[in-house]
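Listing of work.tsv; format and content: TSV, C-alpha atoms and all ligand atoms.
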chain	number	residue	atom	x	y	z
Q	102	MET	CA	-34.80	5.51	17.94
Q	103	SER	CA	-36.03	8.76	16.41
Q	104	LEU	CA	-33.09	10.49	14.74
Q	105	ILE	CA	-32.39	12.77	11.85
Q	106	VAL	CA	-30.56	10.66	9.30
Q	107	SER	CA	-29.14	11.87	6.01
Q	108	VAL	CA	-28.31	9.41	3.26
Q	109	ILE	CA	-26.14	10.61	0.38
Q	110	GLY	CA	-26.71	8.77	-2.90
Q	111	ALA	CA	-30.25	7.73	-3.84
Q	112	GLY	CA	-29.24	4.60	-5.77
Q	113	THR	CA	-29.86	0.97	-4.86
Q	114	MET	CA	-28.23	1.12	-1.44
Q	115	GLY	CA	-29.06	4.69	-0.41
Q	116	SER	CA	-32.76	4.18	-1.17
Q	117	GLY	CA	-32.80	0.97	0.88
Q	118	ILE	CA	-31.03	2.60	3.83
Q	119	ALA	CA	-33.46	5.53	3.70
Q	120	GLN	CA	-36.42	3.11	3.66
Q	121	VAL	CA	-35.14	1.28	6.74
Q	122	ALA	CA	-34.39	4.48	8.69
Q	123	ALA	CA	-37.76	6.02	7.74
Q	124	SER	CA	-39.61	2.79	8.66
Q	125	ASN	CA	-38.03	3.06	12.11
Q	126	GLY	CA	-39.36	6.57	12.73
Q	127	CYS	CA	-36.30	8.57	11.65
Q	128	LYS	CA	-36.59	11.77	9.66
Q	129	VAL	CA	-34.51	11.16	6.55
Q	130	ASN	CA	-32.89	13.44	3.98
Q	131	LEU	CA	-32.15	11.39	0.88
Q	132	ILE	CA	-29.67	13.43	-1.15
Q	133	ASP	CA	-28.43	12.91	-4.71
Q	134	THR	CA	-26.77	15.20	-7.25
Q	135	PHE	CA	-29.05	13.84	-9.99
Q	136	PRO	CA	-32.78	14.76	-9.85
Q	137	ASN	CA	-33.49	11.68	-12.00
Q	138	ALA	CA	-32.00	9.40	-9.36
Q	139	LEU	CA	-34.27	11.01	-6.75
Q	140	GLU	CA	-37.34	10.56	-8.93
Q	141	ASN	CA	-36.51	6.90	-9.58
Q	142	SER	CA	-35.88	6.30	-5.90
Q	143	GLN	CA	-39.21	7.86	-4.92
Q	144	THR	CA	-41.16	5.94	-7.57
Q	145	LYS	CA	-39.54	2.65	-6.56
Q	146	LEU	CA	-40.18	3.18	-2.86
Q	147	GLN	CA	-43.79	4.08	-3.55
Q	148	SER	CA	-44.29	0.81	-5.45
Q	149	ILE	CA	-42.47	-1.26	-2.78
Q	150	LEU	CA	-44.74	0.23	-0.10
Q	151	ASN	CA	-47.86	-0.33	-2.25
Q	152	ARG	CA	-46.91	-3.99	-2.56
Q	153	LEU	CA	-46.35	-4.29	1.21
Q	154	VAL	CA	-49.80	-2.78	1.81
Q	155	GLU	CA	-51.41	-5.12	-0.76
Q	156	LYS	CA	-49.80	-8.13	0.92
Q	157	GLY	CA	-51.04	-6.92	4.30
Q	158	LYS	CA	-47.52	-6.55	5.68
Q	159	ILE	CA	-48.03	-2.90	6.63
Q	160	GLU	CA	-51.04	-0.60	7.05
Q	161	GLU	CA	-51.74	2.14	4.52
Q	162	ASN	CA	-51.13	4.90	7.07
Q	163	GLU	CA	-47.78	3.30	7.95
Q	164	ALA	CA	-46.78	3.47	4.27
Q	165	LYS	CA	-47.83	7.11	4.19
Q	166	SER	CA	-45.81	7.98	7.27
Q	167	ILE	CA	-42.69	6.20	5.88
Q	168	LEU	CA	-42.95	8.31	2.72
Q	169	ALA	CA	-43.62	11.45	4.76
Q	170	ASN	CA	-40.45	10.78	6.77
Q	171	ILE	CA	-38.28	11.09	3.66
Q	172	ASN	CA	-37.18	14.36	2.13
Q	173	TRP	CA	-35.76	13.73	-1.38
Q	174	THR	CA	-33.36	16.56	-2.23
Q	175	VAL	CA	-30.39	17.66	-4.32
Q	176	GLU	CA	-29.17	20.03	-1.58
Q	177	LEU	CA	-26.17	18.65	0.30
Q	178	ALA	CA	-26.55	21.50	2.83
Q	179	GLU	CA	-29.67	19.73	4.17
Q	180	VAL	CA	-27.38	17.40	6.13
Q	181	SER	CA	-26.81	20.22	8.65
Q	182	GLN	CA	-29.27	19.01	11.36
Q	183	SER	CA	-28.36	15.33	11.08
Q	184	ASP	CA	-27.47	12.98	13.94
Q	185	LEU	CA	-26.13	10.44	11.44
Q	186	VAL	CA	-25.05	10.71	7.80
Q	187	VAL	CA	-24.56	7.59	5.68
Q	188	GLU	CA	-22.71	8.04	2.39
Q	189	ALA	CA	-23.79	5.61	-0.37
Q	190	ILE	CA	-22.49	7.25	-3.54
Q	191	VAL	CA	-20.37	5.83	-6.36
Q	192	GLU	CA	-17.50	3.50	-5.27
Q	193	ASN	CA	-14.67	5.92	-6.06
Q	194	MET	CA	-12.00	6.97	-3.56
Q	195	GLU	CA	-11.46	10.58	-4.72
Q	196	ILE	CA	-15.19	11.34	-4.99
Q	197	LYS	CA	-15.90	9.87	-1.54
Q	198	GLN	CA	-12.94	11.75	0.03
Q	199	LYS	CA	-14.15	15.02	-1.44
Q	200	LEU	CA	-17.67	14.43	-0.13
Q	201	PHE	CA	-16.46	13.66	3.41
Q	202	SER	CA	-14.39	16.87	3.50
Q	203	GLN	CA	-17.42	18.85	2.31
Q	204	MET	CA	-19.75	17.19	4.83
Q	205	GLU	CA	-17.49	17.91	7.79
Q	206	SER	CA	-18.03	21.61	7.39
Q	207	LEU	CA	-21.82	21.23	7.08
Q	208	VAL	CA	-22.75	19.06	10.08
Q	209	ALA	CA	-22.62	19.58	13.85
Q	210	GLU	CA	-19.53	18.44	15.79
Q	211	ASP	CA	-21.38	15.44	17.32
Q	212	CYS	CA	-22.90	14.17	14.04
Q	213	ILE	CA	-21.81	10.62	13.16
Q	214	LEU	CA	-20.45	10.20	9.63
Q	215	ALA	CA	-20.45	6.80	7.94
Q	216	THR	CA	-19.55	5.29	4.59
Q	217	ASN	CA	-21.32	2.31	3.03
Q	218	THR	CA	-18.29	1.44	0.88
Q	219	SER	CA	-18.03	-2.25	0.02
Q	220	SER	CA	-14.36	-2.46	-0.89
Q	221	LEU	CA	-12.47	0.76	-0.16
Q	222	SER	CA	-10.43	1.54	2.95
Q	223	VAL	CA	-12.55	3.49	5.45
Q	224	ALA	CA	-9.37	5.04	6.90
Q	225	GLU	CA	-8.32	6.28	3.45
Q	226	ILE	CA	-11.77	7.72	2.63
Q	227	THR	CA	-11.65	9.75	5.84
Q	228	SER	CA	-7.92	10.54	5.86
Q	229	ALA	CA	-8.40	14.20	4.93
Q	230	CYS	CA	-11.04	14.82	7.65
Q	231	ASN	CA	-10.38	17.03	10.68
Q	232	ASN	CA	-12.33	14.88	13.14
Q	233	PRO	CA	-11.94	11.19	12.18
Q	234	SER	CA	-13.04	10.02	15.66
Q	235	ARG	CA	-16.74	10.34	14.64
Q	236	ILE	CA	-16.33	8.47	11.35
Q	237	LEU	CA	-16.70	4.76	10.59
Q	238	GLY	CA	-17.93	2.31	7.97
Q	239	ILE	CA	-21.50	0.99	8.10
Q	240	HIS	CA	-21.77	-1.68	5.43
Q	241	PHE	CA	-25.33	-2.70	4.62
Q	242	PHE	CA	-26.15	-5.52	2.21
Q	243	ASN	CA	-28.47	-5.53	-0.76
Q	244	PRO	CA	-31.51	-5.48	-0.50
Q	245	VAL	CA	-31.13	-3.37	2.65
Q	246	PRO	CA	-34.67	-3.83	4.07
Q	247	LEU	CA	-34.37	-7.64	3.84
Q	248	MET	CA	-30.74	-8.29	4.75
Q	249	LYS	CA	-30.37	-8.36	8.52
Q	250	LEU	CA	-26.59	-8.36	8.63
Q	251	VAL	CA	-24.65	-5.09	8.84
Q	252	GLU	CA	-20.88	-4.80	9.21
Q	253	VAL	CA	-19.60	-1.82	11.21
Q	254	ILE	CA	-16.01	-0.89	10.54
Q	255	PRO	CA	-14.19	1.36	12.98
Q	256	THR	CA	-10.85	2.82	11.89
Q	257	GLU	CA	-7.86	3.21	14.21
Q	258	LYS	CA	-9.22	6.66	15.06
Q	259	THR	CA	-12.92	5.88	15.64
Q	260	ASP	CA	-14.18	6.65	19.16
Q	261	GLY	CA	-15.12	3.41	21.01
Q	262	GLU	CA	-18.26	5.01	22.53
Q	263	LEU	CA	-19.42	6.05	19.08
Q	264	LEU	CA	-19.10	2.46	17.91
Q	265	LYS	CA	-21.44	1.34	20.73
Q	266	LYS	CA	-23.92	4.09	19.85
Q	267	VAL	CA	-23.96	3.10	16.17
Q	268	LYS	CA	-24.49	-0.56	17.05
Q	269	SER	CA	-27.46	0.31	19.24
Q	270	ILE	CA	-29.00	2.49	16.49
Q	271	LEU	CA	-28.65	-0.35	13.96
Q	272	GLU	CA	-30.00	-2.95	16.40
Q	273	SER	CA	-33.01	-0.71	17.06
Q	274	TRP	CA	-33.58	-0.91	13.27
Q	275	GLY	CA	-33.71	-4.72	13.56
Q	276	LYS	CA	-30.22	-5.34	12.20
Q	277	THR	CA	-27.67	-7.91	13.33
Q	278	VAL	CA	-24.40	-6.06	13.73
Q	279	VAL	CA	-20.88	-7.45	13.43
Q	280	THR	CA	-17.70	-5.44	13.88
Q	281	ALA	CA	-15.25	-5.93	11.04
Q	282	LYS	CA	-11.62	-4.92	10.62
Q	283	ASP	CA	-10.83	-2.19	8.11
Q	284	THR	CA	-9.27	-4.71	5.73
Q	285	PRO	CA	-10.20	-5.22	2.05
Q	286	GLY	CA	-13.67	-6.72	1.62
Q	287	PHE	CA	-14.25	-6.56	5.41
Q	288	ILE	CA	-15.69	-9.96	6.43
Q	289	VAL	CA	-18.43	-10.94	4.00
Q	290	ASN	CA	-16.95	-9.79	0.69
Q	291	ARG	CA	-13.59	-11.26	1.68
Q	292	VAL	CA	-14.92	-14.63	2.81
Q	293	ALA	CA	-16.98	-14.74	-0.39
Q	294	ARG	CA	-13.85	-14.46	-2.61
Q	295	PRO	CA	-12.90	-18.19	-2.49
Q	296	PHE	CA	-16.55	-19.15	-3.10
Q	297	TYR	CA	-16.08	-17.68	-6.59
Q	298	GLY	CA	-12.29	-18.03	-6.96
Q	299	GLU	CA	-12.02	-21.71	-6.04
Q	300	ALA	CA	-15.09	-22.56	-8.16
Q	301	LEU	CA	-13.45	-20.82	-11.14
Q	302	ARG	CA	-10.20	-22.73	-10.52
Q	303	ILE	CA	-12.08	-26.05	-10.41
Q	304	TYR	CA	-13.64	-25.16	-13.77
Q	305	GLU	CA	-10.31	-24.00	-15.27
Q	306	GLU	CA	-8.65	-27.25	-14.17
Q	307	GLY	CA	-11.28	-29.11	-16.21
Q	308	ILE	CA	-12.67	-30.94	-13.16
Q	309	ALA	CA	-16.30	-29.92	-13.71
Q	310	ASP	CA	-18.48	-27.51	-15.68
Q	311	PHE	CA	-20.46	-24.55	-14.28
Q	312	ALA	CA	-23.71	-26.48	-13.84
Q	313	THR	CA	-22.01	-29.34	-11.99
Q	314	ILE	CA	-20.13	-27.02	-9.63
Q	315	ASP	CA	-23.36	-25.10	-8.89
Q	316	TRP	CA	-25.24	-28.37	-8.33
Q	317	ALA	CA	-22.55	-29.66	-5.91
Q	318	MET	CA	-22.55	-26.50	-3.79
Q	319	LYS	CA	-26.35	-26.56	-3.50
Q	320	GLU	CA	-26.82	-30.30	-3.10
Q	321	PHE	CA	-24.05	-31.00	-0.57
Q	322	GLY	CA	-23.28	-27.55	0.85
Q	323	GLY	CA	-26.85	-26.33	1.27
Q	324	PHE	CA	-26.05	-23.01	-0.47
Q	325	ARG	CA	-29.12	-21.32	-1.96
Q	326	MET	CA	-27.23	-20.54	-5.17
Q	327	GLY	CA	-24.13	-22.04	-6.71
Q	328	PRO	CA	-21.14	-19.71	-7.38
Q	329	PHE	CA	-21.76	-19.32	-11.13
Q	330	THR	CA	-25.47	-18.58	-10.71
Q	331	LEU	CA	-24.56	-16.07	-8.01
Q	332	MET	CA	-21.87	-14.38	-10.15
Q	333	ASP	CA	-24.40	-14.11	-12.99
Q	334	TYR	CA	-26.86	-12.56	-10.52
Q	335	ILE	CA	-24.33	-10.03	-9.16
Q	336	GLY	CA	-22.91	-9.23	-12.62
Q	337	ASN	CA	-19.51	-10.37	-13.88
Q	338	ASP	CA	-18.33	-6.77	-14.28
Q	339	ILE	CA	-19.05	-5.92	-10.63
Q	340	ASN	CA	-17.80	-9.22	-9.23
Q	341	TYR	CA	-14.58	-9.07	-11.28
Q	342	THR	CA	-13.87	-5.49	-10.19
Q	343	VAL	CA	-14.31	-6.37	-6.50
Q	344	THR	CA	-11.93	-9.33	-6.92
Q	345	GLU	CA	-9.33	-7.09	-8.60
Q	346	THR	CA	-9.62	-4.50	-5.81
Q	347	VAL	CA	-9.27	-7.14	-3.08
Q	348	PHE	CA	-6.31	-8.74	-4.94
Q	349	SER	CA	-4.36	-5.47	-5.27
Q	350	SER	CA	-5.30	-4.32	-1.76
Q	351	PHE	CA	-3.84	-7.53	-0.30
Q	352	TYR	CA	-0.52	-6.79	-2.01
Q	353	PHE	CA	-1.27	-9.28	-4.81
Q	354	ASP	CA	-1.69	-12.31	-2.53
Q	355	SER	CA	-2.23	-15.18	-5.00
Q	356	ARG	CA	-5.24	-16.58	-3.15
Q	357	TYR	CA	-7.30	-13.58	-4.39
Q	358	LYS	CA	-5.99	-13.75	-7.97
Q	359	PRO	CA	-8.76	-12.83	-10.45
Q	360	SER	CA	-9.68	-15.38	-13.11
Q	361	PHE	CA	-9.20	-15.01	-16.89
Q	362	THR	CA	-12.43	-16.95	-17.37
Q	363	GLN	CA	-14.34	-14.19	-15.59
Q	364	LYS	CA	-12.33	-11.40	-17.26
Q	365	ARG	CA	-13.14	-12.79	-20.72
Q	366	MET	CA	-16.83	-13.08	-19.77
Q	367	MET	CA	-16.82	-9.42	-18.77
Q	368	GLU	CA	-14.97	-8.36	-21.95
Q	369	ALA	CA	-17.46	-10.29	-24.10
Q	370	GLY	CA	-20.33	-8.43	-22.44
Q	371	TYR	CA	-21.54	-11.68	-20.85
Q	372	LEU	CA	-22.33	-9.91	-17.61
Q	373	GLY	CA	-24.90	-12.37	-16.32
Q	374	LYS	CA	-28.65	-12.09	-15.86
Q	375	LYS	CA	-28.74	-8.38	-16.63
Q	376	SER	CA	-27.30	-8.92	-20.15
Q	377	GLY	CA	-29.16	-12.20	-20.76
Q	378	ARG	CA	-25.97	-14.22	-20.83
Q	379	GLY	CA	-23.13	-14.94	-18.43
Q	380	TYR	CA	-21.92	-18.37	-17.41
Q	381	TYR	CA	-25.37	-19.45	-18.52
Q	382	ASP	CA	-27.34	-18.41	-21.60
Q	383	TYR	CA	-30.72	-17.33	-20.20
Q	384	SER	CA	-32.44	-17.55	-23.59
Q	385	LYS	CA	-31.88	-21.33	-23.60
Q	386	ASP	CA	-32.64	-24.29	-21.33
Q	387	MET	CA	-30.22	-24.64	-18.43
Q	388	PRO	CA	-27.43	-27.20	-19.00
Q	389	LYS	CA	-27.63	-30.47	-17.04
Q	390	ALA	CA	-25.18	-31.09	-14.20
Q	391	ASN	CA	-23.08	-34.26	-13.92
Q	392	GLU	CA	-24.70	-35.53	-10.74
Q	393	ASN	CA	-21.84	-37.76	-9.67
Q	394	ARG	CA	-21.92	-37.74	-5.86
Q	395	ASP	CA	-18.18	-38.34	-5.32
Q	396	LEU	CA	-17.30	-35.55	-7.71
Q	397	GLY	CA	-19.88	-33.30	-6.03
Q	398	LYS	CA	-18.42	-33.90	-2.57
Q	399	THR	CA	-14.87	-33.25	-3.82
Q	400	ILE	CA	-16.00	-29.92	-5.28
Q	401	LEU	CA	-17.76	-28.95	-2.06
Q	402	TRP	CA	-14.77	-29.72	0.17
Q	403	ARG	CA	-12.33	-27.86	-2.07
Q	404	VAL	CA	-14.44	-24.70	-1.91
Q	405	LEU	CA	-15.44	-25.10	1.74
Q	406	SER	CA	-11.87	-25.56	3.01
Q	407	MET	CA	-10.87	-22.28	1.32
Q	408	LEU	CA	-13.92	-20.51	2.80
Q	409	ILE	CA	-13.10	-21.74	6.31
Q	410	ASN	CA	-9.45	-20.59	6.04
Q	411	GLU	CA	-10.54	-17.18	4.82
Q	412	ALA	CA	-13.11	-16.77	7.60
Q	413	ALA	CA	-10.51	-17.67	10.22
Q	414	ASP	CA	-8.21	-14.94	8.84
Q	415	ALA	CA	-10.91	-12.28	8.46
Q	416	LEU	CA	-12.37	-12.55	11.97
Q	501	LIG	P1	-25.81	3.30	-7.33
Q	501	LIG	O1	-25.02	3.56	-8.55
Q	501	LIG	O2	-27.09	2.53	-7.42
Q	501	LIG	O3	-26.13	4.69	-6.61
Q	501	LIG	C1	-25.20	5.70	-6.38
Q	501	LIG	C2	-25.94	7.03	-6.37
Q	501	LIG	O4	-25.03	8.04	-5.91
Q	501	LIG	C3	-26.42	7.46	-7.74
Q	501	LIG	O5	-27.80	7.75	-7.68
Q	501	LIG	C4	-25.61	8.73	-8.05
Q	501	LIG	O6	-26.36	9.69	-8.75
Q	501	LIG	C5	-25.27	9.21	-6.65
Q	501	LIG	N1	-24.08	10.04	-6.55
Q	501	LIG	C6	-22.88	9.85	-7.14
Q	501	LIG	N2	-22.01	10.80	-6.74
Q	501	LIG	C7	-22.69	11.60	-5.87
Q	501	LIG	C8	-22.34	12.74	-5.09
Q	501	LIG	N3	-21.10	13.25	-5.12
Q	501	LIG	N4	-23.27	13.29	-4.29
Q	501	LIG	C9	-24.51	12.78	-4.23
Q	501	LIG	N5	-24.91	11.69	-4.94
Q	501	LIG	C10	-24.00	11.12	-5.75
Q	501	LIG	O7	-24.78	2.60	-6.31
Q	501	LIG	P2	-25.11	1.55	-5.14
Q	501	LIG	O8	-25.10	0.18	-5.68
Q	501	LIG	O9	-26.27	2.05	-4.36
Q	501	LIG	O10	-23.75	1.68	-4.25
Q	501	LIG	C11	-23.52	2.80	-3.43
Q	501	LIG	C12	-22.39	2.45	-2.46
Q	501	LIG	O11	-22.77	1.31	-1.69
Q	501	LIG	C13	-21.07	2.09	-3.14
Q	501	LIG	O12	-20.02	2.54	-2.33
Q	501	LIG	C14	-21.11	0.55	-3.16
Q	501	LIG	O13	-19.82	-0.01	-3.20
Q	501	LIG	C15	-21.79	0.27	-1.84
Q	501	LIG	N6	-22.48	-1.02	-1.75
Q	501	LIG	C16	-23.20	-1.51	-2.82
Q	501	LIG	C17	-23.86	-2.73	-2.70
Q	501	LIG	C18	-24.69	-3.27	-3.83
Q	501	LIG	O14	-25.06	-4.45	-3.79
Q	501	LIG	N7	-25.02	-2.48	-4.84
Q	501	LIG	C19	-23.78	-3.54	-1.46
Q	501	LIG	C20	-23.07	-2.88	-0.38
Q	501	LIG	C21	-22.43	-1.69	-0.55
Take the structure in the file and write it out as structure tokens.
Ligand code: NAI
Amino acid sequence: MSLIVSVIGAGTMGSGIAQVAASNGCKVNLIDTFPNALENSQTKLQSILNRLVEKGKIEENEAKSILANINWTVELAEVSQSDLVVEAIVENMEIKQKLFSQMESLVAEDCILATNTSSLSVAEITSACNNPSRILGIHFFNPVPLMKLVEVIPTEKTDGELLKKVKSILESWGKTVVTAKDTPGFIVNRVARPFYGEALRIYEEGIADFATIDWAMKEFGGFRMGPFTLMDYIGNDINYTVTETVFSSFYFDSRYKPSFTQKRMMEAGYLGKKSGRGYYDYSKDMPKANENRDLGKTILWRVLSMLINEAADAL
């Protein structure tokens, strides 16, 4: 589908969304307030496309046309001709609300407006807008070009026809679309909470150490990464903040209670892979798991039963 798409925020997510839209023949405005962010985004995309050409995944002229489809700019006013605008700026309610109010006055009446928020209420972000019927959440996952799943989140006021249109745009980009309720964490980030939370509880109860819990979830559950490896990969600061947001948004329901173990990690600067140390110290050899099969299966079932309950509630 050849559309004019504007993406606001040229960070990790915005750059990925722009790449996907541009690869599917859309003309894209990639807008950021910081020229540096635009430069970084452009340099990164250039090197991603070079690698794809080297590996023979795309032709050189395809790479050129993807780049030519993207207009990197600091001018918010360039959204004016858009069919679809996706906001992917900093995760802050006031800043997002302000941007949506500004955008409304810049785009045509039939332009679709979307937020890529991962944990804020879509209804609240758009509460000050004059025409909330054309607004919804489109939640991509990182890295956007590789992750097929996209959650679309209509609010009470989103037009049902618009929802269908958005789904067909995303499907034409090769995405698998699920509709999620406008509840904290939507589906994926909510169902993921017990994966971390229950694993942290098992550790805090002294049942097993990080390496053993990770081993059990991989060995018996078939997960690609155990919860502690994954938290180290995401960053303990980010993961802890999402847990806190989900906890307070669910009126302090104890099943989402953040863990002191993770809070202390964050306070110590043990953020995970990016700081060289988190649950694991990446300058040393990895600790050995206690490969006791009964213990492993107990760990798996404790975490899995919480995941299943959460999924049943979220869907
Ligand atoms: P990021 O920090 O990499 O990029 C944000 C960009 O927005 C920065 O380049 C910044 O300069 C720009 N920006 C900030 N305020 C702006 C404004 N008013 N106008 C224009 N540009 C502005 O952030 P990231 O990780 O790309 O996240 C963006 C959004 O996507 C957030 O809402 C986040 O919760 C959500 N998200 C993030 C995921 C992730 O794995 N990083 C996954 C799914 C959603």
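With only C-alpha atoms as the basis for measurement, Q:Arg302 is the residue among Q:Arg152, Q:Lys319, Q:Arg302, Q:Arg394 that approaches Q:Gln363 most closely.
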* **Residues within 10 Å of Q:Asp395, only C-alpha atoms, excluding chain neighbours under 5 positions, as an NGL selection string** => :Q and (317 or 400-401)
* Selected residue, from Q:Val191, Q:Trp402, Q:Glu161, Q:Ser202, that lies nearest to Q:Asn232 when counting all atoms listed in the file -> Q:Ser202
* To do: Kindly compile the residues surrounding ligand LIG 501 (chain Q) within 7 Å, counting all atoms listed in the file, and format them as a list in words.
  => Ile109, Gly110, Ala111, Gly112, Thr113, Met114, Gly115, Ile132, Asp133, Thr134, Phe135, Ala138, Ala189, Ile190, Val191, Glu192, Ile196, Leu200, Asn217, Thr218, Ser219, Ser220, His240, Phe241, Phe242 and Asn243 of chain Q
With C-alpha atoms retained, export the selected residues as an mmCIF file, in the coordinates of the input.
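What landed in out04.cif:
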data_model
loop_
_atom_site.group_PDB
_atom_site.id
_atom_site.type_symbol
_atom_site.label_atom_id
_atom_site.label_comp_id
_atom_site.auth_asym_id
_atom_site.auth_seq_id
_atom_site.Cartn_x
_atom_site.Cartn_y
_atom_site.Cartn_z
ATOM 1 C CA ILE Q 109 -26.140 10.610 0.380
ATOM 2 C CA GLY Q 110 -26.710 8.770 -2.900
ATOM 3 C CA ALA Q 111 -30.250 7.730 -3.840
ATOM 4 C CA GLY Q 112 -29.240 4.600 -5.770
ATOM 5 C CA THR Q 113 -29.860 0.970 -4.860
ATOM 6 C CA MET Q 114 -28.230 1.120 -1.440
ATOM 7 C CA GLY Q 115 -29.060 4.690 -0.410
ATOM 8 C CA ILE Q 132 -29.670 13.430 -1.150
ATOM 9 C CA ASP Q 133 -28.430 12.910 -4.710
ATOM 10 C CA THR Q 134 -26.770 15.200 -7.250
ATOM 11 C CA PHE Q 135 -29.050 13.840 -9.990
ATOM 12 C CA ALA Q 138 -32.000 9.400 -9.360
ATOM 13 C CA ALA Q 189 -23.790 5.610 -0.370
ATOM 14 C CA ILE Q 190 -22.490 7.250 -3.540
ATOM 15 C CA VAL Q 191 -20.370 5.830 -6.360
ATOM 16 C CA GLU Q 192 -17.500 3.500 -5.270
ATOM 17 C CA ILE Q 196 -15.190 11.340 -4.990
ATOM 18 C CA LEU Q 200 -17.670 14.430 -0.130
ATOM 19 C CA ASN Q 217 -21.320 2.310 3.030
ATOM 20 C CA THR Q 218 -18.290 1.440 0.880
ATOM 21 C CA SER Q 219 -18.030 -2.250 0.020
ATOM 22 C CA SER Q 220 -14.360 -2.460 -0.890
ATOM 23 C CA HIS Q 240 -21.770 -1.680 5.430
ATOM 24 C CA PHE Q 241 -25.330 -2.700 4.620
ATOM 25 C CA PHE Q 242 -26.150 -5.520 2.210
ATOM 26 C CA ASN Q 243 -28.470 -5.530 -0.760
#
* To do: Rank nothing, just name the residue among Q:Gly373, Q:Glu345, Q:Ile339, Q:Thr174 nearest to Q:Ser142, using all atoms listed in the file.
  => Q:Thr174
* To do: Point out the residue among Q:Ile149, Q:Leu214, Q:Ala164, Q:Leu271 with the least atom-to-atom distance to Q:Ser181, counting only C-alpha atoms.
  => Q:Leu214
Give me the residues within 10 Å of stretch 246-259 of chain Q as a PDB file with C-alpha atoms, in the coordinates of the input, counting only C-alpha atoms and dropping any in the same chain fewer than 3 places off.
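Now in around.pdb:
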ATOM      1  CA  MET Q 114     -28.230   1.120  -1.440  1.00  0.00           C
ATOM      2  CA  SER Q 116     -32.760   4.180  -1.170  1.00  0.00           C
ATOM      3  CA  GLY Q 117     -32.800   0.970   0.880  1.00  0.00           C
ATOM      4  CA  ILE Q 118     -31.030   2.600   3.830  1.00  0.00           C
ATOM      5  CA  ALA Q 119     -33.460   5.530   3.700  1.00  0.00           C
ATOM      6  CA  GLN Q 120     -36.420   3.110   3.660  1.00  0.00           C
ATOM      7  CA  VAL Q 121     -35.140   1.280   6.740  1.00  0.00           C
ATOM      8  CA  ALA Q 122     -34.390   4.480   8.690  1.00  0.00           C
ATOM      9  CA  SER Q 124     -39.610   2.790   8.660  1.00  0.00           C
ATOM     10  CA  ALA Q 215     -20.450   6.800   7.940  1.00  0.00           C
ATOM     11  CA  THR Q 216     -19.550   5.290   4.590  1.00  0.00           C
ATOM     12  CA  ASN Q 217     -21.320   2.310   3.030  1.00  0.00           C
ATOM     13  CA  SER Q 219     -18.030  -2.250   0.020  1.00  0.00           C
ATOM     14  CA  SER Q 222     -10.430   1.540   2.950  1.00  0.00           C
ATOM     15  CA  VAL Q 223     -12.550   3.490   5.450  1.00  0.00           C
ATOM     16  CA  ALA Q 224      -9.370   5.040   6.900  1.00  0.00           C
ATOM     17  CA  GLU Q 225      -8.320   6.280   3.450  1.00  0.00           C
ATOM     18  CA  THR Q 227     -11.650   9.750   5.840  1.00  0.00           C
ATOM     19  CA  ASN Q 232     -12.330  14.880  13.140  1.00  0.00           C
ATOM     20  CA  PRO Q 233     -11.940  11.190  12.180  1.00  0.00           C
ATOM     21  CA  SER Q 234     -13.040  10.020  15.660  1.00  0.00           C
ATOM     22  CA  ARG Q 235     -16.740  10.340  14.640  1.00  0.00           C
ATOM     23  CA  ILE Q 236     -16.330   8.470  11.350  1.00  0.00           C
ATOM     24  CA  LEU Q 237     -16.700   4.760  10.590  1.00  0.00           C
ATOM     25  CA  GLY Q 238     -17.930   2.310   7.970  1.00  0.00           C
ATOM     26  CA  ILE Q 239     -21.500   0.990   8.100  1.00  0.00           C
ATOM     27  CA  HIS Q 240     -21.770  -1.680   5.430  1.00  0.00           C
ATOM     28  CA  PHE Q 241     -25.330  -2.700   4.620  1.00  0.00           C
ATOM     29  CA  PHE Q 242     -26.150  -5.520   2.210  1.00  0.00           C
ATOM     30  CA  ASN Q 243     -28.470  -5.530  -0.760  1.00  0.00           C
ATOM     31  CA  GLU Q 262     -18.260   5.010  22.530  1.00  0.00           C
ATOM     32  CA  LEU Q 263     -19.420   6.050  19.080  1.00  0.00           C
ATOM     33  CA  LEU Q 264     -19.100   2.460  17.910  1.00  0.00           C
ATOM     34  CA  VAL Q 267     -23.960   3.100  16.170  1.00  0.00           C
ATOM     35  CA  LYS Q 268     -24.490  -0.560  17.050  1.00  0.00           C
ATOM     36  CA  LEU Q 271     -28.650  -0.350  13.960  1.00  0.00           C
ATOM     37  CA  GLU Q 272     -30.000  -2.950  16.400  1.00  0.00           C
ATOM     38  CA  TRP Q 274     -33.580  -0.910  13.270  1.00  0.00           C
ATOM     39  CA  GLY Q 275     -33.710  -4.720  13.560  1.00  0.00           C
ATOM     40  CA  LYS Q 276     -30.220  -5.340  12.200  1.00  0.00           C
ATOM     41  CA  THR Q 277     -27.670  -7.910  13.330  1.00  0.00           C
ATOM     42  CA  VAL Q 278     -24.400  -6.060  13.730  1.00  0.00           C
ATOM     43  CA  VAL Q 279     -20.880  -7.450  13.430  1.00  0.00           C
ATOM     44  CA  THR Q 280     -17.700  -5.440  13.880  1.00  0.00           C
ATOM     45  CA  ALA Q 281     -15.250  -5.930  11.040  1.00  0.00           C
ATOM     46  CA  LYS Q 282     -11.620  -4.920  10.620  1.00  0.00           C
ATOM     47  CA  ASP Q 283     -10.830  -2.190   8.110  1.00  0.00           C
ATOM     48  CA  THR Q 284      -9.270  -4.710   5.730  1.00  0.00           C
ATOM     49  CA  PHE Q 287     -14.250  -6.560   5.410  1.00  0.00           C
ATOM     50  CA  ILE Q 288     -15.690  -9.960   6.430  1.00  0.00           C
ATOM     51  CA  VAL Q 289     -18.430 -10.940   4.000  1.00  0.00           C
TER      52      VAL Q 289
END
